[in-house]
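Note sheet for the following structure.
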Amino acid sequence: MTAAVAEAEHEVDQASPAPVFLEARDIVKELGHGAGKVRALKGVSLTLNPGELTLLMGPSGSGKTTLLSIMGCILSPTSGSLSIAGDSTEGLSPEQLAALRRRHVGFIFQSYNLFPTLSAEENVRLALDVRGGRGSQAVVDAQRALYQVGLRHRLKSYPGNLSGGEQQRVAVARALAGSPSVILADEPTAALDSENGLAVMGLLSQIAKDKSRAVLAVTHDPRTVPFADRILRIEDGLIVGEERRTEGVETVHELSRNRKRKANA
């Protein structure tokens with residue numbers, strides 16, 4: 001390879017934009033009818049990039065949950081456009097939106113939403129079944145997801161025998177199953193004590209480093225802030241601010257991990 005060719009390829013690489021896994025443009029959402037109509041979102045634009053943990057923060061009634069539901073293909077916007085992993089939601093029926101959600105989106109709920117009569121492994125396998133994953137490969141994939149969240153020893157345990165932190169880890173594993181492009185978490189620490197909440201945020205921060213997915217968490221919990229790569233602020237249906245972690249500054253999770261490595265070295 002000549003120096004000129006190498007330089008040209010380098011320039012192409014430098015000019016290539018970072019991939020975008022989710023893009024929302026001028027999202028407006030009106031709720032209700034007639035005199036009771038409310039404009040919950042007033043023209044929201046945002047992108048989610050791979051390898052980042054993004055927090056969406058704002059007060060109650062700011063539009064966080066409505067925006068999350070639109071990004072997760074549960075609601076359709078009144079106007080504006082949304083694309084996930086290159087697939088546009090424009091003109092899709094509810095059934096087509098559901099198919100897009102199953103293909104590209106993993107959800108984490110604050111109340112876990114686990115089936116009490118199913119084991120941890122079976123709860124994750126159910127999510128895979130919805131996405132079309134069955135048979136022995138689904139068993140392997142479910143177990144792999146539970147290993148990833150540190151629950152190798154809890155595969156056959158039922159939710160009633162798990163702590164709140166462990167139940168949320170099962171919920172995270174369920175969201176990971178099937179390798180979705182985007183993971184959306186709705187107040188993932190709200191039902192957890194401080195120790196378990198921080199552990200779950202550390203897990204999401206670690207998951208977000210994977211360049212094959214983007215992670216967004218809706219939260220009002222200030223304890224989550226040090227784990228974020230980016231913070232979006234929403235008020236009255238509009239994004240009013242964006243903050244990024246300074247390049248090279250470690251998150252709380254990274255600081256803890258590096259300290260442990262040095263201590264064990």
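The way I read the labels, and the way they are meant: chains A, B, ... in the order of the structure tokens, residue 1 as the first residue of every chain, and ligand 1 as the first ligand shown, with later ones counted on from there.
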Which of range 1-178 of chain A DSSP labels strand (DSSP E), written as a ChimeraX atom specification = /A:22-31,38-48,53-57,79-84,87-88,105-108
query = Neighbours of range 127-132 of chain A within 8 Å (only C-alpha atoms; same-chain residues fewer than 5 positions away dropped), as a PyMOL selection string?
reply = chain A and resi 102-103+138+142+174-175+177-178
query = Pick from A:Ala24, A:Leu203, A:Leu55, A:Ala214: nearest to Gly43 in chain A, with only C-alpha atoms counted?
reply = A:Ala24
request  = Would you mind telling me which residue in A:Val38, A:Val218, A:Leu176, A:Leu22 lies nearest to Gly86 in chain A when using only C-alpha atoms?
outcome  = A:Leu22
request  = Please identify which residues in range 9-213 of chain A DSSP calls helix (DSSP H, G or I) from the backbone, and express them as a PyMOL selection string.
outcome  = chain A and resi 9-15+34-36+64-71+94-104+120-130+135-148+152-154+159-161+164-176+194-208
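Taking only C-alpha atoms, the non-local environment of range 61-77 of chain A within 8 Å (same-chain residues fewer than 6 positions away omitted) comprises Leu22, Ala24, Ile27, Val28, Lys29, Glu30, Ala40, Leu41, Thr89, Leu97, Ala98, Leu100, Arg101, Val105, Phe107, Leu184, Asp186, Val218, Ile234, Glu235, Asp236, Gly237 and Leu238 of chain A.
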query = If we count only C-alpha atoms, what is near Glu195 in chain A at a cut-off of 12 Å, once residues fewer than 2 positions away on the same chain are taken out, given as a ChimeraX atom specification?
reply = /A:164-166,189,191-193,197-202,223-224
Since we have the selection now, will you write its residues out, keeping all heavy atoms, as a CSV table (one decimal), in the first residue's frame?
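So the final result, stored in out-v6.csv, reads:
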chain,number,residue,atom,x,y,z
A,164,GLY,N,-34.4,-8.3,45.1
A,164,GLY,CA,-34.8,-7.3,44.1
A,164,GLY,C,-33.7,-7.0,43.1
A,164,GLY,O,-34.0,-6.9,41.9
A,165,GLY,N,-32.4,-6.9,43.6
A,165,GLY,CA,-31.3,-6.7,42.6
A,165,GLY,C,-31.2,-7.9,41.7
A,165,GLY,O,-30.9,-7.7,40.5
A,166,GLU,N,-31.4,-9.1,42.1
A,166,GLU,CA,-31.2,-10.3,41.3
A,166,GLU,C,-32.4,-10.3,40.3
A,166,GLU,O,-32.2,-10.6,39.1
A,166,GLU,CB,-31.2,-11.5,42.1
A,166,GLU,CG,-29.9,-11.7,42.9
A,166,GLU,CD,-30.0,-12.9,43.8
A,166,GLU,OE1,-31.1,-13.2,44.3
A,166,GLU,OE2,-28.9,-13.5,44.1
A,189,THR,N,-33.5,1.8,38.5
A,189,THR,CA,-33.0,1.7,39.9
A,189,THR,C,-34.1,2.1,40.9
A,189,THR,O,-33.9,2.1,42.1
A,189,THR,CB,-31.8,2.7,40.1
A,189,THR,OG1,-32.3,4.0,39.9
A,189,THR,CG2,-30.7,2.3,39.2
A,191,ALA,N,-36.9,0.8,42.1
A,191,ALA,CA,-37.3,-0.1,43.1
A,191,ALA,C,-36.2,-0.8,43.9
A,191,ALA,O,-36.5,-1.8,44.6
A,191,ALA,CB,-38.2,-1.2,42.4
A,192,LEU,N,-35.0,-0.3,43.7
A,192,LEU,CA,-33.9,-0.9,44.4
A,192,LEU,C,-33.2,0.0,45.4
A,192,LEU,O,-33.3,1.2,45.3
A,192,LEU,CB,-32.8,-1.2,43.3
A,192,LEU,CG,-33.2,-2.1,42.1
A,192,LEU,CD1,-32.1,-2.2,41.1
A,192,LEU,CD2,-33.6,-3.5,42.7
A,193,ASP,N,-32.6,-0.7,46.4
A,193,ASP,CA,-31.9,0.1,47.4
A,193,ASP,C,-30.6,0.6,46.8
A,193,ASP,O,-30.3,0.3,45.6
A,193,ASP,CB,-31.6,-0.8,48.7
A,193,ASP,CG,-30.8,-2.0,48.3
A,193,ASP,OD1,-30.0,-2.0,47.4
A,193,ASP,OD2,-30.9,-3.0,49.1
A,197,GLY,N,-29.0,-0.7,43.3
A,197,GLY,CA,-29.2,0.3,42.2
A,197,GLY,C,-27.9,0.6,41.6
A,197,GLY,O,-27.8,0.7,40.3
A,198,LEU,N,-26.8,0.8,42.4
A,198,LEU,CA,-25.5,1.1,41.8
A,198,LEU,C,-25.0,-0.1,41.1
A,198,LEU,O,-24.3,0.1,40.0
A,198,LEU,CB,-24.6,1.6,42.9
A,198,LEU,CG,-24.9,2.9,43.6
A,198,LEU,CD1,-23.9,3.2,44.7
A,198,LEU,CD2,-24.9,4.0,42.6
A,199,ALA,N,-25.2,-1.3,41.6
A,199,ALA,CA,-24.8,-2.5,40.9
A,199,ALA,C,-25.4,-2.6,39.5
A,199,ALA,O,-24.8,-3.0,38.5
A,199,ALA,CB,-25.1,-3.7,41.8
A,200,VAL,N,-26.7,-2.4,39.4
A,200,VAL,CA,-27.4,-2.5,38.2
A,200,VAL,C,-26.9,-1.4,37.2
A,200,VAL,O,-26.7,-1.6,36.0
A,200,VAL,CB,-28.9,-2.3,38.4
A,200,VAL,CG1,-29.7,-2.1,37.0
A,200,VAL,CG2,-29.5,-3.6,39.0
A,201,MET,N,-26.7,-0.2,37.7
A,201,MET,CA,-26.1,0.9,36.8
A,201,MET,C,-24.7,0.5,36.3
A,201,MET,O,-24.4,0.8,35.2
A,201,MET,CB,-26.1,2.2,37.5
A,201,MET,CG,-27.5,2.8,37.7
A,201,MET,SD,-28.5,3.0,36.1
A,201,MET,CE,-27.4,4.0,35.1
A,202,GLY,N,-23.9,-0.1,37.2
A,202,GLY,CA,-22.6,-0.5,36.8
A,202,GLY,C,-22.7,-1.6,35.7
A,202,GLY,O,-21.9,-1.6,34.7
A,223,ARG,N,-28.2,9.3,41.5
A,223,ARG,CA,-27.1,8.3,41.7
A,223,ARG,C,-26.6,7.7,40.4
A,223,ARG,O,-25.5,7.1,40.4
A,223,ARG,CB,-27.6,7.2,42.7
A,223,ARG,CG,-28.0,7.6,44.0
A,223,ARG,CD,-28.6,6.4,44.8
A,223,ARG,NE,-29.8,5.9,44.1
A,223,ARG,CZ,-30.5,4.8,44.5
A,223,ARG,NH1,-30.1,4.1,45.6
A,223,ARG,NH2,-31.5,4.4,43.8
A,224,THR,N,-27.5,7.8,39.4
A,224,THR,CA,-27.1,7.2,38.1
A,224,THR,C,-26.2,8.1,37.3
A,224,THR,O,-25.5,7.6,36.3
A,224,THR,CB,-28.4,6.9,37.3
A,224,THR,OG1,-29.0,8.2,37.0
A,224,THR,CG2,-29.4,6.0,38.1
request  = Determine the nearest neighbour of Ile207 in chain A from the options A:Ser119, A:Ser136, A:Ser163, A:Thr54, counting only C-alpha atoms.
outcome  = A:Thr54
inquiry  = When you look at Gln167 in chain A with a cut-off of 12 Å (counting only C-alpha atoms), what residues show up, excluding the ones that are within fewer than 3 positions of it in the same chain? I need them as a VMD selection string.
reply    = chain A and resid 108 to 116 119 to 121 123 to 124 146 149 to 151 154 to 155 157 to 164 170 to 174 188 to 189 191 to 192 196 to 197 200
task = With a distance cut-off of 8 Å and only C-alpha atoms, select the neighbouring residues of Asp221 in chain A, excluding the residue or stretch itself and same-chain residues fewer than 4 positions from it, and output the selection as an NGL selection string.
result = :A and (187 or 189-190 or 225)
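Picture a line from CA of Ala145 in chain A to CA of Leu204 in chain A; it runs 13.1 Å.
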inquiry  = Please report the interatomic distance between CA of Ala208 in chain A and CA of Phe227 in chain A in Å with one decimal.
reply    = 10.3 Å
Excluding Glu90 in chain A and its own-chain neighbours fewer than 6 positions away, which residues fall within 9 Å of it when counting only C-alpha atoms? Please give them as a compact mmCIF listing (two decimals) with all heavy atoms, in the first residue's frame.
# COMPACT_ATOMS: atom_id res chain seq x y z
N SER A 76 -47.02 5.53 18.57
CA SER A 76 -46.60 6.19 17.33
C SER A 76 -46.65 7.70 17.56
O SER A 76 -47.55 8.19 18.24
CB SER A 76 -47.52 5.82 16.17
OG SER A 76 -47.42 4.46 15.86
N GLY A 80 -43.42 13.69 12.99
CA GLY A 80 -41.99 13.44 13.18
C GLY A 80 -41.63 12.05 12.70
O GLY A 80 -42.48 11.27 12.27
N SER A 81 -40.35 11.74 12.73
CA SER A 81 -39.87 10.46 12.20
C SER A 81 -38.98 9.75 13.21
O SER A 81 -38.30 10.38 14.03
CB SER A 81 -39.09 10.67 10.90
OG SER A 81 -37.92 11.44 11.14
N LEU A 82 -39.01 8.43 13.14
CA LEU A 82 -38.18 7.58 14.00
C LEU A 82 -37.63 6.43 13.18
O LEU A 82 -38.38 5.80 12.41
CB LEU A 82 -39.00 7.02 15.17
CG LEU A 82 -38.29 6.03 16.09
CD1 LEU A 82 -37.28 6.76 16.97
CD2 LEU A 82 -39.29 5.26 16.95
N SER A 83 -36.34 6.17 13.31
CA SER A 83 -35.75 4.99 12.68
C SER A 83 -34.89 4.27 13.71
O SER A 83 -34.23 4.91 14.54
CB SER A 83 -34.91 5.35 11.46
OG SER A 83 -33.80 6.14 11.82
One-decimal distance in Å that lies between CA of Leu48 in chain A and CA of Val215 in chain A = 7.6 Å
